[in-house]
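Undergrad: Okay, so here is input-v3.txt, and as you'll see once you scroll down, it has compact mmCIF, C-alpha atoms and all ligand atoms.
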# COMPACT_ATOMS: atom_id res chain seq x y z
CA MET A 252 0.00 0.00 0.00
CA ARG A 253 1.24 3.49 -0.84
CA THR A 254 1.69 6.04 1.93
CA ILE A 255 1.12 9.69 1.05
CA ILE A 256 1.82 12.88 2.97
CA ALA A 257 0.26 15.87 1.22
CA GLY A 258 0.50 19.49 2.36
CA ASN A 259 -2.46 21.79 1.69
CA TRP A 260 -1.14 25.34 1.97
CA LYS A 261 -4.61 26.87 1.47
CA MET A 262 -4.40 30.65 0.86
CA HIS A 263 -1.10 31.24 2.63
CA LYS A 264 2.35 32.62 1.70
CA ASP A 265 3.51 35.29 -0.73
CA ARG A 266 6.00 34.58 -3.49
CA ALA A 267 9.16 35.01 -1.37
CA GLU A 268 7.74 32.94 1.49
CA ALA A 269 6.58 30.24 -0.89
CA GLU A 270 10.02 29.99 -2.47
CA THR A 271 11.68 29.77 0.95
CA LEU A 272 9.37 26.96 2.06
CA ILE A 273 9.65 25.05 -1.22
CA ASP A 274 13.46 25.23 -1.14
CA ALA A 275 13.57 24.19 2.50
CA LEU A 276 11.41 21.16 1.73
CA ALA A 277 13.53 20.28 -1.31
CA GLU A 278 16.54 20.23 0.97
CA GLN A 279 15.07 18.60 4.06
CA VAL A 280 12.54 16.02 2.89
CA GLY A 281 15.08 13.97 0.91
CA ASN A 282 14.28 10.82 -0.99
CA THR A 283 11.87 8.94 1.22
CA GLU A 284 11.19 5.77 -0.70
CA ARG A 285 8.31 4.71 1.49
CA VAL A 286 6.31 7.95 1.33
CA GLU A 287 4.92 9.88 -1.61
CA VAL A 288 5.27 13.54 -0.66
CA ILE A 289 3.05 16.15 -2.30
CA ILE A 290 2.56 19.86 -1.68
CA ALA A 291 -0.41 21.93 -2.81
CA PRO A 292 0.57 25.61 -2.90
CA PRO A 293 -1.82 28.30 -4.21
CA PHE A 294 -2.15 28.61 -8.01
CA PRO A 295 0.38 31.46 -8.50
CA PHE A 296 3.20 29.35 -7.03
CA LEU A 297 2.53 26.03 -8.76
CA ALA A 298 4.94 26.57 -11.66
CA LEU A 299 7.64 27.70 -9.25
CA ALA A 300 7.07 24.60 -7.11
CA VAL A 301 7.23 22.28 -10.13
CA GLU A 302 10.52 23.85 -11.25
CA HIS A 303 12.18 23.86 -7.84
CA LEU A 304 11.04 20.35 -6.91
CA ARG A 305 11.90 18.59 -10.15
CA ASP A 306 14.77 16.64 -8.56
CA ALA A 307 13.38 16.50 -5.05
CA HIS A 308 10.88 13.60 -5.25
CA ILE A 309 8.09 15.92 -4.14
CA GLY A 310 4.96 16.12 -6.26
CA VAL A 311 2.94 19.27 -6.81
CA ALA A 312 -0.84 19.42 -6.53
CA ALA A 313 -3.42 22.15 -7.07
CA GLN A 314 -6.05 22.89 -4.43
CA ASN A 315 -8.92 22.87 -6.92
CA CYS A 316 -9.69 22.78 -10.63
CA HIS A 317 -12.65 23.46 -12.88
CA GLU A 318 -14.73 20.58 -14.20
CA ALA A 319 -14.51 21.70 -17.84
CA LEU A 320 -11.31 21.32 -19.81
CA HIS A 321 -11.58 24.74 -21.55
CA GLY A 322 -14.15 27.47 -21.91
CA ALA A 323 -15.57 30.82 -20.92
CA PHE A 324 -15.24 30.46 -17.15
CA THR A 325 -13.62 33.67 -15.97
CA GLY A 326 -11.33 33.20 -13.02
CA GLU A 327 -11.18 29.42 -13.25
CA VAL A 328 -8.30 27.02 -13.91
CA SER A 329 -8.62 23.72 -15.79
CA ALA A 330 -6.95 20.35 -15.35
CA VAL A 331 -5.50 20.73 -18.87
CA MET A 332 -3.67 23.91 -17.78
CA LEU A 333 -2.39 22.34 -14.58
CA LYS A 334 -1.17 19.24 -16.37
CA SER A 335 0.61 21.37 -18.98
CA ILE A 336 2.83 22.98 -16.32
CA GLY A 337 3.71 19.69 -14.62
CA VAL A 338 1.18 19.63 -11.77
CA SER A 339 0.39 15.97 -11.11
CA ALA A 340 -2.57 16.03 -8.72
CA ALA A 341 -5.39 18.19 -7.40
CA ILE A 342 -7.37 18.30 -4.18
CA VAL A 343 -11.11 18.32 -4.90
CA GLY A 344 -14.11 18.61 -2.62
CA HIS A 345 -12.25 20.16 0.29
CA SER A 346 -14.73 21.17 2.99
CA GLU A 347 -13.74 24.84 2.64
CA ARG A 348 -14.71 24.68 -1.06
CA ARG A 349 -17.98 23.02 -0.08
CA GLN A 350 -18.70 25.53 2.70
CA TYR A 351 -17.66 28.83 1.10
CA TYR A 352 -18.15 28.13 -2.62
CA GLY A 353 -21.11 25.78 -2.58
CA GLU A 354 -19.16 22.93 -4.16
CA THR A 355 -21.38 19.85 -4.38
CA ASP A 356 -20.41 16.21 -4.79
CA ALA A 357 -21.99 16.27 -8.25
CA ALA A 358 -19.57 19.06 -9.27
CA VAL A 359 -16.69 17.29 -7.54
CA SER A 360 -17.45 14.16 -9.53
CA LYS A 361 -17.04 16.12 -12.77
CA LYS A 362 -13.75 17.55 -11.52
CA ILE A 363 -12.50 14.03 -10.80
CA ILE A 364 -13.46 12.97 -14.32
CA ALA A 365 -11.61 15.99 -15.79
CA LEU A 366 -8.48 15.22 -13.77
CA LEU A 367 -8.50 11.55 -14.74
CA HIS A 368 -9.04 12.54 -18.37
CA VAL A 369 -5.72 14.42 -18.42
CA GLY A 370 -3.90 11.81 -16.32
CA MET A 371 -3.79 13.68 -13.01
CA MET A 372 -4.44 12.21 -9.57
CA PRO A 373 -7.58 13.47 -7.80
CA ILE A 374 -7.36 13.75 -4.01
CA TYR A 375 -11.03 13.54 -3.09
CA CYS A 376 -11.99 14.97 0.32
CA CYS A 377 -15.03 13.85 2.27
CA GLY A 378 -16.04 14.12 5.91
CA GLU A 379 -18.85 15.03 8.24
CA LEU A 380 -19.71 18.24 10.09
CA ARG A 381 -19.66 18.41 13.87
CA VAL A 382 -23.47 18.31 13.93
CA ASP A 383 -23.46 15.07 11.91
CA ARG A 384 -21.09 13.44 14.38
CA GLU A 385 -23.20 14.63 17.30
CA LYS A 386 -26.33 13.19 15.69
CA GLY A 387 -24.54 9.95 14.91
CA THR A 388 -25.11 10.30 11.15
CA HIS A 389 -21.42 10.60 10.22
CA PHE A 390 -21.22 7.27 8.40
CA GLU A 391 -24.38 8.02 6.43
CA VAL A 392 -23.08 11.47 5.43
CA VAL A 393 -19.76 10.10 4.20
CA ARG A 394 -21.53 7.30 2.33
CA MET A 395 -23.76 9.82 0.53
CA GLN A 396 -20.80 12.04 -0.36
CA MET A 397 -18.86 9.09 -1.74
CA ASN A 398 -21.77 7.66 -3.70
CA GLU A 399 -22.46 10.96 -5.40
CA ALA A 400 -18.86 11.93 -6.16
CA LEU A 401 -17.31 8.51 -6.80
CA GLY A 402 -20.37 6.53 -7.95
CA PRO A 403 -20.06 7.72 -11.58
CA ILE A 404 -16.37 6.73 -11.78
CA SER A 405 -15.44 3.30 -13.18
CA PRO A 406 -13.52 0.87 -10.95
CA ALA A 407 -10.46 1.15 -13.23
CA ASP A 408 -10.48 4.93 -12.80
CA LEU A 409 -11.22 4.75 -9.06
CA ALA A 410 -7.93 2.90 -8.71
CA LYS A 411 -6.23 6.21 -9.64
CA VAL A 412 -8.05 8.28 -7.00
CA VAL A 413 -6.86 9.09 -3.48
CA VAL A 414 -9.47 9.65 -0.76
CA ALA A 415 -8.93 12.01 2.17
CA TYR A 416 -11.18 11.68 5.20
CA GLU A 417 -11.41 15.11 6.77
CA PRO A 418 -13.86 15.45 9.65
CA VAL A 419 -14.81 19.11 9.28
CA TRP A 420 -14.85 19.64 13.05
CA ALA A 421 -11.15 18.75 13.16
CA ILE A 422 -9.93 21.05 10.39
CA GLY A 423 -7.89 23.99 11.63
CA THR A 424 -9.49 23.65 15.05
CA GLY A 425 -6.74 21.83 16.89
CA LEU A 426 -9.26 19.04 17.51
CA THR A 427 -8.38 15.70 15.96
CA ALA A 428 -10.32 12.55 15.54
CA THR A 429 -9.01 9.99 18.01
CA PRO A 430 -6.94 7.25 16.35
CA GLN A 431 -9.94 4.93 16.92
CA GLN A 432 -12.42 7.36 15.31
CA ALA A 433 -10.08 7.80 12.34
CA GLN A 434 -9.49 4.07 11.82
CA GLU A 435 -13.19 3.30 12.24
CA MET A 436 -14.16 5.79 9.51
CA HIS A 437 -11.26 4.77 7.26
CA ALA A 438 -12.40 1.13 7.48
CA PHE A 439 -15.92 2.27 6.60
CA ILE A 440 -14.59 4.25 3.60
CA ARG A 441 -12.60 1.19 2.49
CA GLN A 442 -15.76 -0.88 2.68
CA GLU A 443 -17.70 1.69 0.64
CA LEU A 444 -14.88 1.76 -1.92
CA ARG A 445 -15.14 -2.02 -2.15
CA THR A 446 -18.84 -1.68 -2.92
CA LEU A 447 -18.09 0.92 -5.61
CA ALA A 448 -14.91 -0.51 -7.10
CA GLY A 449 -14.47 -4.12 -5.95
CA GLU A 450 -10.99 -5.46 -5.36
CA VAL A 451 -9.11 -2.28 -6.37
CA ALA A 452 -10.42 -0.71 -3.14
CA ALA A 453 -7.68 -2.50 -1.21
CA ALA A 454 -5.02 -0.38 -2.95
CA ILE A 455 -6.72 3.05 -2.81
CA PRO A 456 -4.87 5.26 -0.30
CA ILE A 457 -7.13 6.84 2.34
CA LEU A 458 -5.52 9.86 4.00
CA TYR A 459 -6.55 11.45 7.29
CA GLY A 460 -6.86 15.24 7.47
CA GLY A 461 -7.71 17.47 10.42
CA SER A 462 -5.09 18.99 12.69
CA MET A 463 -2.55 16.24 12.04
CA LYS A 464 0.72 17.29 13.68
CA PRO A 465 4.02 15.63 14.59
CA ASP A 466 2.72 14.96 18.11
CA ASN A 467 -0.40 13.02 17.07
CA ALA A 468 0.58 11.56 13.70
CA LYS A 469 2.17 8.34 14.91
CA GLU A 470 -0.99 7.14 16.66
CA ILE A 471 -3.31 8.15 13.81
CA LEU A 472 -1.08 6.60 11.15
CA ALA A 473 -1.03 3.33 13.08
CA GLY A 474 -4.60 2.64 11.89
CA ALA A 475 -4.63 -0.25 9.42
CA ASP A 476 -6.64 1.77 6.88
CA VAL A 477 -4.88 5.10 7.44
CA ASN A 478 -2.48 5.48 4.53
CA GLY A 479 -1.13 8.95 5.15
CA GLY A 480 -2.25 12.49 5.84
CA LEU A 481 -3.55 15.65 4.23
CA ILE A 482 -1.92 18.34 6.30
CA GLY A 483 -3.05 21.96 6.53
CA GLY A 484 -1.50 24.12 9.25
CA ALA A 485 1.55 21.94 9.86
CA SER A 486 2.43 21.95 6.14
CA LEU A 487 3.30 25.65 6.33
CA ASP A 488 6.37 24.93 8.42
CA ALA A 489 9.24 23.02 6.79
CA GLY A 490 10.37 21.46 10.08
CA GLN A 491 6.94 20.15 11.05
CA PHE A 492 6.10 18.91 7.57
CA THR A 493 9.44 17.12 7.24
CA GLU A 494 8.91 15.53 10.64
CA LEU A 495 5.48 14.29 9.51
CA VAL A 496 7.10 12.71 6.44
CA ARG A 497 9.62 10.95 8.71
CA ILE A 498 6.88 9.69 11.03
CA ALA A 499 4.90 8.39 8.05
CA ALA A 500 8.01 6.66 6.68
CA ARG A 501 8.49 4.88 9.99
CA ALA A 502 4.80 3.90 10.10
CA ALA A 503 5.06 2.56 6.53
CA ALA A 504 8.08 0.49 7.49
CA HIS A 505 6.07 -1.19 10.25
CA PRO A 506 2.53 -1.49 8.90
CA SER A 507 -0.14 -2.73 11.26
CA ILE A 508 -1.82 -5.99 10.36
CA PRO A 509 -5.32 -5.31 9.05
P1 LIG B 601 -5.46 21.32 9.22
O1 LIG B 601 -6.12 21.28 7.75
O2 LIG B 601 -4.33 20.32 9.21
O3 LIG B 601 -4.97 22.75 9.38
O4 LIG B 601 -6.53 20.96 10.19
C1 LIG B 601 -6.31 20.08 7.08
C2 LIG B 601 -6.99 20.34 5.76
O5 LIG B 601 -7.87 21.20 5.69
O6 LIG B 601 -6.64 19.69 4.73
Output the structure of this file as structure tokens.

TA:
Amino acid sequence: MRTIIAGNWKMHKDRAEAETLIDALAEQVGNTERVEVIIAPPFPFLALAVEHLRDAHIGVAAQNCHEALHGAFTGEVSAVMLKSIGVSAAIVGHSERRQYYGETDAAVSKKIIALLHVGMMPIYCCGELRVDREKGTHFEVVRMQMNEALGPISPADLAKVVVAYEPVWAIGTGLTATPQQAQEMHAFIRQELRTLAGEVAAAIPILYGGSMKPDNAKEILAGADVNGGLIGGASLDAGQFTELVRIAARAAAHPSIP
């Protein structure tokens, strides 16, 4: 199973700060064979990241893309454009996109199809709100999200998707799912993927996102179905992000028995 550590910078850093962080990561992360490392800087810094990370074994992802490949969509960026500058993946369906920009799973599904069409890796985010968890409907919510966004994708294409479970109540709040809550939901997601895609589900990485930091990563990554992390806040600091990569490499070297 692949292990992935992906950094979601969100709308942070100016050009000079971005360059400093990218260069620090290029130097510090090194060639970690066991972990696929990806960073997702804001659009204006993607080309810079691709150039500076060419020899660093760090992939570059966008934080969003439009569902159409071209067209009159002022202010939008397509998968074709991203692919043409060497961006290899894109985060889609992040809860902030859902909350502030009304992104639905139906739209996210089209984005996934566009990304797969150009040969990019979609990192599909799902996860429940605090109110869903309190009501006990968190599994149902995640199932509905997955069915709508991933249902239209063929099993062969689903094998190229990465899923990130991001409980919305844990994002940027300092709250994290307990390792048990994370593993329980990841196992559920794996089961749903099996229903949608059959055997390929076993090899689809499921990342945890939501206040993952060096001091809680080891326990969360110990879950049998936790295959890495999507890191927000801690990805803005080279030292913390590099430490997370090291922790994930150690966890990948000693996988728990499912
Ligand atoms: P966080 O963000 O690590 O700052 O909680 C995670 C995310 O939104 O991907």

Undergrad: Distance CA of Leu458 (chain A)-CA of Asn478 (chain A), one decimal place?

TA: 5.4 Å

Undergrad: For the atom pair CA of His263 (chain A) and CA of Gly484 (chain A), what is the interatomic distance in Å to one decimal place?

TA: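 Calculated distance between CA of His263 (chain A) and CA of Gly484 (chain A) is 9.7 Å.
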
Undergrad: For ligand LIG 601 (chain B), list the contacting residues at 9 Å or closer, counting only C-alpha atoms and all ligand atoms, as a PyMOL selection string.

TA: chain A and resi 257-261+345-347+376+415+417+419-427+459-464+480-486

Undergrad: How big is the axis-aligned box around all listed atoms of region 353-369 of chain A once 6 Å goes on each side, and where's its centre, in Å to one decimal, as JSON?

TA:
{"center_x": -13.9, "center_y": 18.7, "center_z": -10.5, "size_x": 28.3, "size_y": 26.2, "size_z": 27.8}

Undergrad: What's the separation between CA of Ile363 (chain A) and CA of Gly402 (chain A), in Å to one decimal place?

TA: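 Here the two named atoms are 11.2 Å from each other.
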
Undergrad: Please report as CSV every residue of region 346-458 of chain A lying within 12 Å of region 278-298 of chain A, along with the nearest atom pair and their distance in Å (one decimal), using only C-alpha atoms.

TA:
residue,atom,partner,partner_atom,distance
A:Met372,CA,A:Ile289,CA,11.2
A:Ile374,CA,A:Ala291,CA,10.8
A:Val413,CA,A:Glu287,CA,12.0
A:Pro456,CA,A:Glu287,CA,10.9
A:Leu458,CA,A:Glu287,CA,11.9

Undergrad: Excluding region 301-317 of chain A and residues on its chain fewer than 6 positions from it, collect all residues at most 6 Å away from it, counting all atoms listed in the file, and give them as a PyMOL selection string.

TA: chain A and resi 277+288-291+328-330+338-343
